[in-house]
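Peer 1: Starting off with a structure, shown below.
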Amino acid sequence: MAGYILRRLLQAIPVLLGTTFLIYFMVFAMPGDPLLALFGDKTPNPALLERLRQEYHLDQPFIVQYFLYLGGIFRGDFGTSFSGEAVSDILARTFPVTIRLAILALIIEFVGGVLIGLYSGLRKGKLFDGTALIVSLVFISLPIFVIAFVGQYVFGIQLGWARTTVSTGAPIQDLILPAFVLASISLAQLIRLTRASVIETAGLDFVRTAYGKGLSRRRIIPVHILRNSLIPVVTYAATDFGVLLVGATVTEGIFNVPGVGRTLYQAIIRGEGPTVVSFVTVMVLIYLVVNLVVDLLYGLLDPRIRYVK
Amino acid sequence: MSDSSTRSTGTTPLLEIKNLEVGFQSTNGIVPAVRGVDLTLMPGQTLAIVGESGSGKSTTAHAIINLLPGAGRITGGSIMFDGKELSSYSEKQMEDIRGREIGFVPQDPMSNLNPVWSVGFQVEETIRANGVATGRKEVRAHAIQVLKEAGLADADKRLKQFPHQFSGGMRQRVLIGIGLSSRPKLLIADEPTSALDVTVQRRILDHLETLTRDIGTAVLFITHDLGLAAERAEQLVVMYKGRIVEAGPSKEILQNPVHPYTQRLVAAAPSLASRRIQSATAQSETHSLSDLDYAPTKVTEGLDLIAAAEERVESRPVTKRPDAIVVKDLTKVYKIRGQGKGSSGELVAADKVSFAVEKGTTTALVGESGSGKSTVAKMILRLENPTSGQILIDGTDVAPLKGKPLLDLRRRMQPVFQDPYGSLDPLRNIGNTIAEPLQVHDVGDRTARRDRVLELLGQVSLPQSLITRYPNELSGGQRQRVAIARALALKPDIVVLDEAVSALDVLVQAQILQLLAELQSELELTYLFITHDLAVVRVIADNVCVMQQGRIVEAASTDAVFDNPKEQYTRELLNAIPGAGIILGV
C-alpha cells in the first residue's frame, strides 16, 4: 500500500515539470510587454523599467527564466507579483477561501445527491422521482451564471436570507449561497447517477437473497443497496472536487469571493508569469492528490480491485 | 426452536399450496405466470418442481416467501405453512418467516453474494437478523459452525475473505450454510447447482441431503433436469406454462410418465438417456443400441436423445477413415502474476495433450472447469498459439500458416461457443449474421449468399422469416441454431463445439443434440465436442478424452469409458451423472 502511494507520488514529478513548463512557456509567449502594460498610459522612466526588468528576470531568455523560477520553488520562493507581494503570500491568502468554498459545495453535492438519488431510485416512477428527474435536468441545462443570478435575486434580494456578495474574510455563512450555486450542476448530475446506480443494484440477485435470508428492508437499503451503489457515486464526487475548485472562477467572480479564481484571472490578464504558474502548479498538485485519493477510495469501496502489494 | 405447540406431526403437511395464482402487472393488465398450482409437502420430505424456463417453477417457489419481483403478486389461492396462511402476510410479518422458518438457497452462486462484504459478514448478519445468536463472539462461533457444516473445512480462516476469492462451488456452500443457519423447517433450493460442474453438483447435493436429513428440514427443490429431480426428491411436480401437468412419487413418474410433456422431459434428459443406453449395453454382449427395445413416439420426436444416439451409431463409418485432427504433445503455459511479493508463476493449462479425431466422428473433451479443455480447443482453432507441440489438420501442420493459407484453414474449421447470447452481434440481423463468413471469405454474389442463408436456415430447422430478425427477438435455442448455421455456412469439415449445449434447457439441449447428430450424418462433419457433462457425451460422442489439470487422464471409445473406466477420476465423473440409483423401465 505505502509502496503504491509512493509510486503514484513519484509519477507526479514529471507531470508537474511538464505542466509548469507548458504554462510558463504560454505566459511567456503572450503578446505585449507586461511591464509597459503595468504603467498604462503613463510613459515609464527607462531606468526604472530596466531595474524592474532585471528584478523579474525579464531580460533573460525564456529557458533561463524558467529554471530561475523552478530553482526558486525548491527554495520555497514562488517569486514576487508585480504589486510586490510574494506569490506564496497570495497563495496562502486565496487558496484557503476557495478550498473552503469547494469543500462546502462538495458536502452539499454529496449529501444532497445521495439522499435525493437514493429516495428517487427506491421510488422509481413515483411522483418524487419524476419531479427530481425534471428539476435536475433543468439545472444541468442552465449555465452556472444564470443559476448564480437567480440565486442572488431570490435568496439575496427578495428573501434576504443571504448576502449577495461575500464580505472580507469570507465567513462560512456568506459562502453558503455561493456553495449551493457552485454545487448545483454537479448535484443534479449526482442525483441522476445515484438514482441509476440504486435502481441497478436493487435489481441484483444478492439483494433478493438478502431478503430471502430474513434481513429487514431497513437493513438491506443501507447495507446492501446503498453501499454497492456508492462505488460510482463516490468516484464521481471525488473527481468533481477538482472541477469545483476550477469551476469556482465564475462563481467567485459573481459573488465577489476573494479566492483563487478571481486572483488567477487578474494575473493572467496582467501576464504575471510566476503568479500564474504558481497557481496552476498548486492546482495540478491538488488534482493529482484528488486522483490518488479517488483511486485509493475505489479500492476501499470495492474489495475486488484492492491493490496487490 | 420453541414450537412445541405447533410442532408438525407426520400426518399434517408442513406446506400446503392450494390453487395458487401468481400474475405479473404489465401495462396491458395482469399476465398470469402461475395458474392454479396445488402441492403438499410433508415435514422432512423433499419435493422437486421440474419444468423448463418460463414454466412458473421459480415463481411458485418465490411466491411462498414473497420474493416476487416488483411487478409480481399473488392473485389467488392459499399457501399454508406450518399452520400459517402466508399469502396474507405483510412484508413485516414475512421478514420473520424468511430465514428463520424457511431458508432460501438461490440459483447462481456467482451473483448471489454481495461482492463488497466479506463472506463472514454476510453469514453473521443472517444469524443476527434471525436471532440465532447474539453478541460478537457467539455470532462468530455460530457462523464458523454453519460454514463448517456446509462443507467449508477452514471456515475460521476464510471468514474475512470476499466472495471473489471463493470458487463457485465454495460460494454455493456458503449460500447453503446461510440458508440453513437457523435450522429452518423448510428449505427452498432454486436450481442450487445449475451453474456448477457435474462433479461439484454431486458433492454439494449429497452434502445438502445429509445436512437436511440430520436437521429434519423439508426441501422444496427447483430444477429443469428430471433425472436430477428424481434422484434427489421423493415427490415430483412437473410444471408447464404455469400449470402442474403431472405430480406424484418420483420413481412412478419416471417409469411411467403419463402426460406428453413429461414424456418429452424424460426423453430429453441426457442423464436419463445415458443411463438407459448404459443399462442396455451393459446387459447385452453385443453392445448394440437396437437391443434397447425403445420405441420413440410422436410426442418425443425431435428431442429424443436415445433416437439421436441410435442414429449416430448407425451412421458411424465401418472402415477406418483418415484422421481429421491430430494433436501431438500440445502444451500451453501461461505466465501469471503471483499473489505474493514479486512472485510470478506459470500456469500449465495444457500439458502434452495428444489425441486424434477420425474424419466424420465425434470426439469429446471432458473435464471440470480449469481442466484445460477449452484451451486445447482455442489452440486447435488457432485463437491461441501453443507453447509447444503440434496440431495437424488433415495431415498439415498448422503452426507455420499465415495469411491466405491460415484463412483457408479457418474456412474448413468453425467454432460454436457456449453462450448463445454473447456470440451473436445484437446489431446484425440473422441473415447478415449467417452470411458474414461468406462475405469474409468472398464466397458467391449477393443472391448466391442469400440462397445459401435460406438453405442453412432450413438445415437447422429455423423458419426463413427469421432472416430479417435480430438476436434479441430469438429464444436461446433459436440463437444457438443460428450460431450453428453460421458455423456451417462455409461448408466446413470440422466443427469445434465449446460447451455448445451447456447453457440450454434440457428440451432445447436435446433438440440441438439431435440436430447436430443429423447434420453429422448428412454432411460428414467431424466434431470436437467440449463439455463438462458426461451424460451428454454418452449420446453424442464416439470417443472420449477425459482431461484433468491440463492432462488427458483417459482416452478411449465412449462405450469403453462408460463400461470400463480405468481412472478414479473418470469414475467420479460417471458417478456424478444424476439418476444412478433409479431403476428405469427399460
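Ordered as shown in the C-alpha cells, chains take letters A, B, and onward, while each chain numbers its residues from 1 and ligands are numbered from 1 in the order shown.
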Taking 6 positions as the minimum chain separation for residues in the same chain, which residues sit within 10 Å of Ile140 in chain A when counting only C-alpha atoms? Answer as a PyMOL selection string.
Peer 2: chain A and resi 134+184-189
Peer 1: What would the file look like if the residues just selected were written as a JSON list (two decimals), in the first residue's frame with C-alpha atoms?
Peer 2:
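For reference, result-v8.json as written:
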[["chain", "number", "residue", "atom", "x", "y", "z"],
["A", 134, "ILE", "CA", -37.16, 17.08, -14.27],
["A", 184, "SER", "CA", -25.96, 22.90, -8.23],
["A", 185, "ILE", "CA", -24.99, 21.38, -11.59],
["A", 186, "SER", "CA", -22.86, 18.61, -10.06],
["A", 187, "LEU", "CA", -25.62, 17.99, -7.52],
["A", 188, "ALA", "CA", -28.10, 17.44, -10.34],
["A", 189, "GLN", "CA", -25.68, 15.06, -12.09]]
Peer 1: If we count only C-alpha atoms, which residues of chain B reach to within 10 Å of chain A? Please list them as a PyMOL selection string.
Peer 2: chain B and resi 62+65-70+91-92+94-118+122-123+125-130+161-165+175+178-182+188+338-342
Peer 1: Would you mind reading off the distance between CA of Ser502 in chain B and CA of Thr531 in chain B, one decimal, in Å?
Peer 2: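 Taking CA of Ser502 in chain B as the start and CA of Thr531 in chain B as the end point, the length is 7.4 Å.
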Peer 1: What residues in range 36-149 of chain A get the DSSP label helix (DSSP H, G or I)? Please answer as a ChimeraX atom specification.
Peer 2: /A:36-39,46-55,62-74,87-122,127-141,144-149
Peer 1: Between B:Tyr261, B:Arg446, B:Asn432, B:Thr558, single out the one closest to Arg243 in chain B, counting only C-alpha atoms.
Peer 2: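 So, comparing all the options, the nearest one is B:Tyr261.
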Peer 1: I'd like to know which of B:Val376, B:Leu504, B:Val495, B:Val453 is closest to Tyr421 in chain B, using only C-alpha atoms.
Peer 2: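 Residue with the minimum atom-to-atom distance to Tyr421 in chain B: B:Leu504.
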Peer 1: Using only C-alpha atoms, which residues sit within 12 Å of Val289 in chain A once same-chain residues fewer than 2 positions away are excluded, as number ranges by chain?
Peer 2: A: 5-6, 8-12, 238-239, 241-242, 282-287, 291-296
